[in-house]
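Colleague: For reference, this is final.txt, and it has compact mmCIF, C-alpha atoms and all ligand atoms.
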```txt
# COMPACT_ATOMS: atom_id res chain seq x y z
CA MET A 105 5.83 3.46 52.55
CA ASN A 106 8.92 5.33 51.33
CA LYS A 107 10.34 6.21 54.70
CA ILE A 108 13.23 5.37 57.00
CA ILE A 109 12.59 2.86 59.77
CA SER A 110 14.89 2.66 62.79
CA PHE A 111 15.70 -0.71 64.31
CA LYS A 112 15.97 -1.66 67.95
CA LYS A 113 19.62 -2.12 68.94
CA LEU A 114 20.43 -4.74 71.58
CA GLY A 115 23.86 -5.24 73.15
CA ASN A 116 26.76 -3.14 74.32
CA ASP A 117 30.25 -2.05 73.29
CA SER A 118 31.97 -5.11 74.80
CA ILE A 119 29.90 -7.82 73.06
CA GLY A 120 28.59 -5.85 70.05
CA PHE A 121 25.04 -5.21 68.90
CA LEU A 122 22.08 -7.02 67.37
CA SER A 123 19.29 -5.38 65.40
CA PHE A 124 16.24 -7.03 63.85
CA PHE A 125 12.94 -6.46 62.12
CA GLU A 126 9.91 -8.64 61.59
CA SER A 127 7.54 -8.84 58.62
CA ASN A 128 4.03 -7.51 59.15
CA LYS A 129 5.22 -5.85 62.38
CA ASP A 130 8.19 -3.56 61.75
CA ILE A 131 7.69 -3.58 57.97
CA PRO A 132 4.21 -3.58 56.42
CA PHE A 133 4.39 -6.69 54.23
CA GLU A 134 5.21 -10.40 54.21
CA ILE A 135 8.80 -11.09 53.08
CA LYS A 136 9.04 -13.63 50.23
CA ARG A 137 12.60 -12.96 49.04
CA ILE A 138 15.87 -11.60 50.40
CA TYR A 139 18.83 -10.61 48.25
CA TYR A 140 21.98 -8.59 48.74
CA ILE A 141 24.36 -6.60 46.56
CA TYR A 142 28.08 -6.51 47.35
CA ASP A 143 31.59 -6.02 45.90
CA VAL A 144 30.25 -2.93 44.15
CA PRO A 145 32.97 -0.44 43.09
CA ILE A 146 32.75 2.94 44.82
CA ASN A 147 30.67 5.60 42.99
CA THR A 148 28.70 2.95 41.10
CA LYS A 149 25.07 3.78 40.35
CA ARG A 150 22.55 0.92 40.27
CA GLY A 151 18.77 0.69 40.20
CA MET A 152 17.36 2.94 37.49
CA HIS A 153 13.98 1.25 37.48
CA ALA A 154 10.63 1.12 39.25
CA HIS A 155 8.35 -1.76 40.15
CA LYS A 156 4.71 -2.14 39.18
CA GLU A 157 3.65 -3.99 42.34
CA LEU A 158 6.70 -4.91 44.41
CA ASN A 159 7.30 -3.41 47.85
CA GLN A 160 10.79 -3.61 49.30
CA PHE A 161 12.83 -2.82 52.37
CA LEU A 162 16.48 -1.79 51.92
CA TRP A 163 19.16 -1.71 54.57
CA CYS A 164 22.91 -1.34 54.61
CA PRO A 165 24.59 -3.41 57.35
CA TYR A 166 27.99 -1.99 56.36
CA GLY A 167 28.95 1.10 54.41
CA ILE A 168 27.22 4.14 52.97
CA ILE A 169 24.69 4.01 50.14
CA LYS A 170 22.64 6.95 48.91
CA VAL A 171 19.17 6.11 47.59
CA VAL A 172 17.23 8.60 45.46
CA LEU A 173 13.51 7.92 45.17
CA ASP A 174 11.37 9.50 42.47
CA ASN A 175 7.60 9.16 42.09
CA GLY A 176 7.52 10.96 38.76
CA CYS A 177 6.55 14.27 40.42
CA GLU A 178 9.16 14.73 43.13
CA LYS A 179 12.45 13.20 44.29
CA LYS A 180 13.80 12.50 47.80
CA GLU A 181 17.27 11.43 48.94
CA PHE A 182 17.97 8.99 51.76
CA LEU A 183 21.33 7.98 53.21
CA LEU A 184 21.75 4.40 54.40
CA ASP A 185 24.81 4.96 56.58
CA SER A 186 24.10 2.86 59.66
CA PRO A 187 23.08 -0.75 60.42
CA GLU A 188 20.40 0.67 62.70
CA LYS A 189 18.03 1.79 59.97
CA GLY A 190 16.42 0.80 56.69
CA LEU A 191 14.31 2.32 53.94
CA LEU A 192 10.86 1.21 52.80
CA VAL A 193 10.38 1.59 49.05
CA GLY A 194 6.92 0.97 47.68
CA LYS A 195 5.60 0.21 44.22
CA GLY A 196 5.56 2.94 41.59
CA ILE A 197 8.82 4.52 42.76
CA TRP A 198 11.85 4.98 40.50
CA ARG A 199 15.04 4.27 42.51
CA ASP A 200 18.72 5.03 41.99
CA MET A 201 21.32 3.74 44.44
CA TYR A 202 24.85 5.17 44.72
CA TRP A 203 27.70 3.29 46.42
CA LEU A 204 29.59 5.94 48.43
CA LYS A 205 31.95 3.76 50.48
CA GLU A 206 34.19 0.81 49.65
CA ASN A 207 32.64 -2.61 50.44
CA SER A 208 29.18 -1.24 51.19
CA VAL A 209 26.55 -3.97 51.24
CA LEU A 210 22.90 -3.42 50.29
CA CYS A 211 20.41 -5.95 51.65
CA VAL A 212 16.84 -6.07 50.40
CA ALA A 213 13.70 -7.80 51.70
CA ALA A 214 11.02 -8.04 49.00
CA SER A 215 7.28 -8.65 49.13
CA ASP A 216 7.35 -11.11 46.23
CA TYR A 217 9.43 -13.57 44.24
CA TYR A 218 11.62 -12.32 41.42
CA ASN A 219 9.63 -11.40 38.33
CA GLU A 220 11.30 -9.39 35.56
CA LYS A 221 7.81 -8.45 34.23
CA ASP A 222 7.28 -6.34 37.35
CA TYR A 223 10.22 -4.07 36.40
CA ILE A 224 9.88 -0.78 34.52
CA ARG A 225 13.39 -0.07 33.25
CA ASN A 226 12.53 2.77 30.89
CA TYR A 227 12.05 6.20 32.54
CA ASP A 228 9.68 7.51 29.83
CA GLU A 229 7.49 4.45 30.26
CA PHE A 230 7.51 5.07 34.03
CA LEU A 231 6.42 8.71 33.55
CA LYS A 232 3.66 7.58 31.16
CA LEU A 233 2.27 5.18 33.78
CA VAL A 234 2.45 7.93 36.44
CA LYS A 235 0.51 10.30 34.15
CA GLU A 236 -2.09 7.60 33.43
CA GLY A 237 -2.62 7.19 37.20
CA TYR A 238 -1.40 3.57 37.23
CA TRP A 239 -0.64 3.80 40.98
CA LYS A 240 -3.39 6.32 41.76
CA ASP A 241 -2.06 8.04 44.90
CA GLU A 242 -0.31 4.90 46.19
CA ASN A 243 3.19 6.09 45.24
CA LYS A 244 3.39 9.22 47.39
CA LEU A 245 6.79 10.32 48.70
C1 LIG B 1 15.75 -3.11 43.33
C2 LIG B 1 17.12 -2.72 43.76
C3 LIG B 1 17.14 -2.11 45.14
C4 LIG B 1 17.46 -12.05 39.76
O1 LIG B 1 17.62 -12.97 38.95
N1 LIG B 1 16.81 -12.28 40.95
C5 LIG B 1 16.61 -11.32 41.88
O2 LIG B 1 16.00 -11.59 42.93
C6 LIG B 1 17.11 -10.00 41.60
C7 LIG B 1 16.90 -8.89 42.61
C8 LIG B 1 17.77 -9.78 40.42
N2 LIG B 1 17.94 -10.78 39.53
C9 LIG B 1 18.71 -10.52 38.30
C10 LIG B 1 18.12 -9.47 37.36
C11 LIG B 1 19.36 -8.94 36.66
O3 LIG B 1 19.69 -9.78 35.59
O4 LIG B 1 19.99 -10.01 38.69
C12 LIG B 1 20.46 -9.08 37.74
C13 LIG B 1 20.81 -7.74 38.39
O5 LIG B 1 19.60 -7.09 38.81
P1 LIG B 1 19.38 -5.52 38.65
O6 LIG B 1 20.15 -5.01 37.52
O7 LIG B 1 17.89 -5.29 38.66
O8 LIG B 1 20.03 -4.97 40.02
P2 LIG B 1 19.85 -3.54 40.69
O9 LIG B 1 20.88 -3.43 41.74
O10 LIG B 1 19.79 -2.46 39.69
O11 LIG B 1 18.38 -3.61 41.37
C14 LIG B 1 18.13 -4.48 42.44
C15 LIG B 1 16.76 -5.17 42.25
O12 LIG B 1 16.74 -5.85 41.00
C16 LIG B 1 15.62 -4.18 42.29
O13 LIG B 1 14.39 -4.86 42.42
O14 LIG B 1 14.78 -2.49 43.70
O15 LIG B 1 18.09 -3.76 43.67
```
For this file, produce the structure as structure tokens.

Modeller:
Amino acid sequence: MNKIISFKKLGNDSIGFLSFFESNKDIPFEIKRIYYIYDVPINTKRGMHAHKELNQFLWCPYGIIKVVLDNGCEKKEFLLDSPEKGLLVGKGIWRDMYWLKENSVLCVAASDYYNEKDYIRNYDEFLKLVKEGYWKDENKL
């Protein structure tokens, strides 16, 4: 979890390219939900939460989006700047996303249906759960 995955890229310059990924093969979970975020003004910051159990896969088919992951002990930055890659984000990880280019689109494949109770939207509460060992060592970066 919490790493960049590169897609296969099929095609050529004259007809364009196709990339794909498959659940339980290229990404390590079953996909139950897909959503996407668009028409976001440049320099907007979104996210600012963690999930108790949800695993997700983020990719940016167009544009440039910076994602900062934080497991309560350390932070890592990832740049989604190509349709040929995506980022796995596991449970117990605080995430901030920054829109760095006009019209950038963020697509997300999630391991479960939407459930607001799975969100931790308060950073102090997140740190408390980290300290209590809520995720044991399952939220390594
Ligand atoms: C995440 C990052 C990468 C729904 O009703 N259904 C859904 O499937 C989702 C994803 C959201 N919502 C509602 C919840 C809020 O009322 O849509 C509203 C906006 O969601 P939020 O403010 O959480 O959006 P982001 O961009 O901060 O976070 C989203 C995901 O919610 C989150 O799981 O990891 O994208």

Colleague: Please identify all polymer residues within 10 Å of range 152-159 of chain A, counting only C-alpha atoms, omitting same-chain residues fewer than 4 positions from it, and present them as a VMD selection string.

Modeller: chain A and resid 105 to 106 132 to 135 172 to 175 192 to 201 213 to 227 230 233 238 to 239

Colleague: Would you pick out the contacts of range 180-189 of chain A at 8 Å or less, using all atoms listed in the file, so that residues sharing its chain but fewer than 6 positions from it are not included, and give the list as number ranges by chain?

Modeller: A: 108-113, 123, 163-174, 245

Colleague: With all atoms listed in the file as the atoms that count, which of A:Phe125, A:Val212, A:Gly176, A:Lys136 lies nearest to ligand LIG 1 (chain B)?

Modeller: A:Val212

Colleague: Edge lengths and centre, in Å to one decimal, as AutoDock Vina command-line options: that's what I need for the box along x, y and z that holds all listed atoms of range 113-128 of chain A plus 4 Å on each side.

Modeller:
```
--center_x 18.0 --center_y -5.4 --center_z 66.7 --size_x 35.9 --size_y 14.8 --size_z 24.2
```

Colleague: Using only C-alpha atoms, find the one residue out of A:Arg137, A:Leu191, A:Tyr202, A:Asp117 that sits nearest to Arg150 in chain A.

Modeller: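 Checking each of A:Arg137, A:Leu191, A:Tyr202, A:Asp117 against Arg150 in chain A, counting only C-alpha atoms, the winner is A:Tyr202.
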
Colleague: What gap, in Å, lies between CA of Glu178 in chain A and CA of Lys244 in chain A?

Modeller: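 Interatomic distance here is 9.0 Å.
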
Colleague: Could you please determine the separation between atom O7 of ligand LIG 1 (chain B) and CA of Ser127 in chain A in Å, to one decimal place?

Modeller: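 Going from atom O7 of ligand LIG 1 (chain B) over to CA of Ser127 in chain A covers 22.8 Å.
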
Colleague: Looking at A:Cys177, A:Val209, A:Leu204, A:Ile138, which one is nearest to ligand LIG 1 (chain B), with distances taken over only C-alpha atoms and all ligand atoms?

Modeller: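 Of A:Cys177, A:Val209, A:Leu204, A:Ile138, the one nearest ligand LIG 1 (chain B), counting only C-alpha atoms and all ligand atoms, is A:Ile138.
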
Colleague: Mind pulling up the distance from CA of Tyr139 in chain A to atom C16 of ligand LIG 1 (chain B)?

Modeller: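 Calculated distance between atom C16 of ligand LIG 1 (chain B) and CA of Tyr139 in chain A is 9.3 Å.
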
Colleague: Could you check which of A:Val234, A:Leu114, A:Leu210, A:Leu122 is closest to ligand LIG 1 (chain B), using all atoms listed in the file?

Modeller: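 Closest residue, counting all atoms listed in the file: A:Leu210.
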
Colleague: Go through A:Gly151, A:Lys129, A:Lys235, A:Gly115 and flag the residue nearest ligand LIG 1 (chain B), using only C-alpha atoms and all ligand atoms for the distances.

Modeller: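 Distance minimum relative to ligand LIG 1 (chain B) lands on A:Gly151.
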
Colleague: Closest to ligand LIG 1 (chain B) among A:Asp130, A:Glu236, A:Asp143, A:Glu242, using all atoms listed in the file?

Modeller: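 Closest to ligand LIG 1 (chain B) of all the choices is A:Asp143.
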